[in-house]
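Note sheet for the following structure.
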Amino acid sequence: MLDFNQVRAFYFDPPPHDPERIPSREELTARYERERFEACVLRGGDPEAEALGPHGFLIGGDGKPLTVHHTLPEVQAKLRPLPLTWFDNPRRHTRTLPPGGIEEAHLFFRSLSHAYLAGHRDRPSGPRLRRHFQSSELSGLPLSLVWHVLACVRGFDLNRLLAYGGISLYEFARAIHLTETRRASVTRWINQFAIRPTE
C-alpha cells in the first residue's frame, strides 16, 4: 500500500540523488506527480484545473479532487541501474547455455532481432546481436541496436535473456550501463540481482 504521507513529503522535499539506492514507490510516485505538474506549467496548462500536484488529492490531501494517473509511476519512471561494480562478482559473470547450446542461444538472439528490430535496415543476425550484448565497448550502430532492444524488450524476454541467451548478468548489466538505458522495467529487473561489494 502506498504511504501518502511519504509521497507528499518526497514531493516537496525530494531526496538527493544517490546512485547506490533504489528509490521507493513513494519517491517514484512523488517524482512522477512533480513531473506532471511541471509539464503542465511548461505547456501553458492550468495545474489547478487538472488537479495536479498540491491541487489534487495525492499531494493536497482531503478536500482536493481525485488525482488520476493513467500509468503506474514506477513503470513510467526513468531509473538508473545500480553501479556496475555491484554485478562484478563470480556468480554474476557465470553464463548458462540453454539445452540446445550455443545454437539455441543464437536462435534466441535472432528472435530478439526479429521482434525488436523489425524493419531496421541493418538488422543483425542472432550471433552478431549476441556479440553486441557481450561487448565491453559499444558505439555507433551496435550501441544503437542494443539500446533499441532494451527500449522495447518485454518482461518475459528479460528472463529468457539469461536462460536462453547464454549471456551473464554482468554482461547484461554492462549493456544497460553502456547504452545508458533508464527504462524502469529493465533497470528494476537487473537491480534485483545486484550485490553491494564488500568494503
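We name chains A, B, ... following the order of the C-alpha cells; residues begin at 1 in each chain, and ligands are numbered from 1 as shown.
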For this session: Pick out the residues sitting within 10 Å of A:Glu50, and hand them over as number ranges by chain; count only C-alpha atoms, and ignore anything fewer than 2 positions along from it in its own chain.
Result: A: 37, 40, 45-48, 52-53, 55-56, 65-68
Do you know which residues are at most 12 Å from A:His114 counting only C-alpha atoms, after dropping those on the same chain fewer than 5 positions away, and could you put them as a compact mmCIF listing (two decimals) with N, CA and C atoms, in the first residue's frame?
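Written output follows (result.txt):
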# COMPACT_ATOMS: atom_id res chain seq x y z
N LEU A 107 19.76 -18.64 -31.85
CA LEU A 107 18.36 -18.58 -32.30
C LEU A 107 17.54 -17.63 -31.44
N PHE A 108 17.82 -17.64 -30.12
CA PHE A 108 17.10 -16.73 -29.24
C PHE A 108 17.40 -15.28 -29.60
N PHE A 109 18.67 -14.95 -29.81
CA PHE A 109 19.02 -13.57 -30.18
C PHE A 109 18.47 -13.21 -31.57
N GLY A 119 12.21 -4.21 -39.47
CA GLY A 119 12.21 -3.03 -40.32
C GLY A 119 13.52 -2.26 -40.30
N HIS A 120 14.43 -2.65 -39.40
CA HIS A 120 15.72 -1.97 -39.34
C HIS A 120 16.53 -2.35 -40.57
N ARG A 121 17.15 -1.38 -41.18
CA ARG A 121 17.90 -1.58 -42.42
C ARG A 121 19.00 -2.63 -42.31
N ASP A 122 19.69 -2.61 -41.18
CA ASP A 122 20.83 -3.49 -41.00
C ASP A 122 20.59 -4.39 -39.79
N ARG A 123 19.43 -5.09 -39.81
CA ARG A 123 19.07 -5.93 -38.66
C ARG A 123 20.12 -7.02 -38.49
N PRO A 124 20.67 -7.17 -37.28
CA PRO A 124 21.75 -8.13 -37.09
C PRO A 124 21.25 -9.57 -37.00
N SER A 125 22.15 -10.49 -37.30
CA SER A 125 21.87 -11.92 -37.12
C SER A 125 21.88 -12.20 -35.62
N GLY A 126 21.44 -13.41 -35.24
CA GLY A 126 21.48 -13.80 -33.83
C GLY A 126 22.87 -13.76 -33.25
N LEU A 129 24.04 -10.04 -32.83
CA LEU A 129 23.37 -9.33 -31.74
C LEU A 129 23.87 -9.82 -30.39
N LEU A 145 21.64 -0.51 -31.77
CA LEU A 145 20.86 -1.75 -31.84
C LEU A 145 20.54 -2.29 -30.45
N VAL A 149 16.78 -2.56 -28.56
CA VAL A 149 16.23 -3.79 -27.97
C VAL A 149 15.82 -3.53 -26.52
N VAL A 153 12.15 -4.21 -25.15
CA VAL A 153 12.04 -5.59 -24.68
C VAL A 153 10.91 -5.76 -23.66
Exercise. Which distance in Å separates atom CA of A:Arg34 and atom CA of A:Arg188, to one decimal?
Worked result: 21.1 Å
For this session: Please provide the set of residues having any atom within 12 Å of A:Arg160, restricted to only C-alpha atoms, with same-chain residues fewer than 3 positions apart removed, written as a ChimeraX atom specification.
Result: /A:96-98,104-105,108-109,111-112,153-157,163-169,172
May I have the selected residues written with N, CA, C and O atoms, as a CSV table (one decimal), in the first residue's frame?
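Final file, again25.csv:
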chain,number,residue,atom,x,y,z
A,96,THR,N,25.1,-19.3,-18.5
A,96,THR,CA,24.4,-20.6,-18.6
A,96,THR,C,23.9,-20.8,-20.0
A,96,THR,O,23.0,-20.0,-20.4
A,97,LEU,N,24.3,-21.8,-20.7
A,97,LEU,CA,23.8,-22.0,-22.1
A,97,LEU,C,22.5,-22.8,-22.0
A,97,LEU,O,22.3,-23.6,-21.1
A,98,PRO,N,21.6,-22.6,-22.9
A,98,PRO,CA,20.3,-23.3,-22.9
A,98,PRO,C,20.6,-24.8,-23.3
A,98,PRO,O,21.7,-25.1,-23.8
A,104,GLU,N,21.2,-22.7,-29.9
A,104,GLU,CA,19.9,-22.2,-29.3
A,104,GLU,C,20.0,-20.8,-28.8
A,104,GLU,O,19.1,-20.0,-29.0
A,105,ALA,N,21.2,-20.4,-28.3
A,105,ALA,CA,21.4,-19.0,-27.8
A,105,ALA,C,21.3,-18.1,-29.0
A,105,ALA,O,20.8,-17.0,-29.0
A,108,PHE,N,17.8,-17.6,-30.1
A,108,PHE,CA,17.1,-16.7,-29.2
A,108,PHE,C,17.4,-15.3,-29.6
A,108,PHE,O,16.5,-14.5,-29.7
A,109,PHE,N,18.7,-14.9,-29.8
A,109,PHE,CA,19.0,-13.6,-30.2
A,109,PHE,C,18.5,-13.2,-31.6
A,109,PHE,O,18.1,-12.1,-31.8
A,111,SER,N,15.6,-14.3,-32.6
A,111,SER,CA,14.2,-13.9,-32.3
A,111,SER,C,14.1,-12.5,-31.8
A,111,SER,O,13.1,-11.8,-32.1
A,112,LEU,N,15.0,-12.1,-30.9
A,112,LEU,CA,15.0,-10.7,-30.4
A,112,LEU,C,15.2,-9.7,-31.5
A,112,LEU,O,14.5,-8.7,-31.6
A,153,VAL,N,12.2,-4.2,-25.2
A,153,VAL,CA,12.0,-5.6,-24.7
A,153,VAL,C,10.9,-5.8,-23.7
A,153,VAL,O,10.7,-4.9,-22.8
A,154,ARG,N,10.2,-6.9,-23.8
A,154,ARG,CA,9.1,-7.2,-22.9
A,154,ARG,C,9.6,-8.0,-21.7
A,154,ARG,O,10.7,-8.6,-21.8
A,155,GLY,N,8.9,-7.9,-20.6
A,155,GLY,CA,9.3,-8.6,-19.4
A,155,GLY,C,9.7,-10.0,-19.5
A,155,GLY,O,10.7,-10.5,-19.0
A,156,PHE,N,8.9,-10.8,-20.3
A,156,PHE,CA,9.2,-12.3,-20.4
A,156,PHE,C,10.5,-12.5,-21.1
A,156,PHE,O,11.2,-13.5,-20.9
A,157,ASP,N,10.9,-11.6,-22.0
A,157,ASP,CA,12.2,-11.8,-22.7
A,157,ASP,C,13.4,-11.4,-21.8
A,157,ASP,O,14.5,-11.9,-22.1
A,163,ALA,N,18.3,-17.3,-19.5
A,163,ALA,CA,18.1,-18.7,-19.6
A,163,ALA,C,18.4,-19.2,-21.1
A,163,ALA,O,18.9,-20.3,-21.2
A,164,TYR,N,18.1,-18.4,-22.1
A,164,TYR,CA,18.2,-18.9,-23.5
A,164,TYR,C,19.3,-18.1,-24.2
A,164,TYR,O,19.7,-18.6,-25.3
A,165,GLY,N,19.7,-17.0,-23.7
A,165,GLY,CA,20.7,-16.2,-24.5
A,165,GLY,C,22.1,-16.5,-24.2
A,165,GLY,O,23.0,-16.1,-25.0
A,166,GLY,N,22.4,-17.2,-23.1
A,166,GLY,CA,23.7,-17.6,-22.8
A,166,GLY,C,24.6,-16.4,-22.5
A,166,GLY,O,25.8,-16.5,-22.8
A,167,ILE,N,24.1,-15.3,-21.9
A,167,ILE,CA,25.0,-14.2,-21.5
A,167,ILE,C,24.9,-14.1,-20.0
A,167,ILE,O,24.0,-14.6,-19.4
A,168,SER,N,25.9,-13.5,-19.4
A,168,SER,CA,25.9,-13.4,-17.9
A,168,SER,C,25.1,-12.2,-17.5
A,168,SER,O,24.9,-11.2,-18.2
A,169,LEU,N,24.8,-12.2,-16.2
A,169,LEU,CA,24.2,-11.0,-15.6
A,169,LEU,C,25.1,-9.8,-15.7
A,169,LEU,O,24.6,-8.7,-16.0
A,172,PHE,N,24.9,-8.4,-19.2
A,172,PHE,CA,23.6,-7.7,-19.4
A,172,PHE,C,23.6,-6.3,-18.7
A,172,PHE,O,23.2,-5.3,-19.2
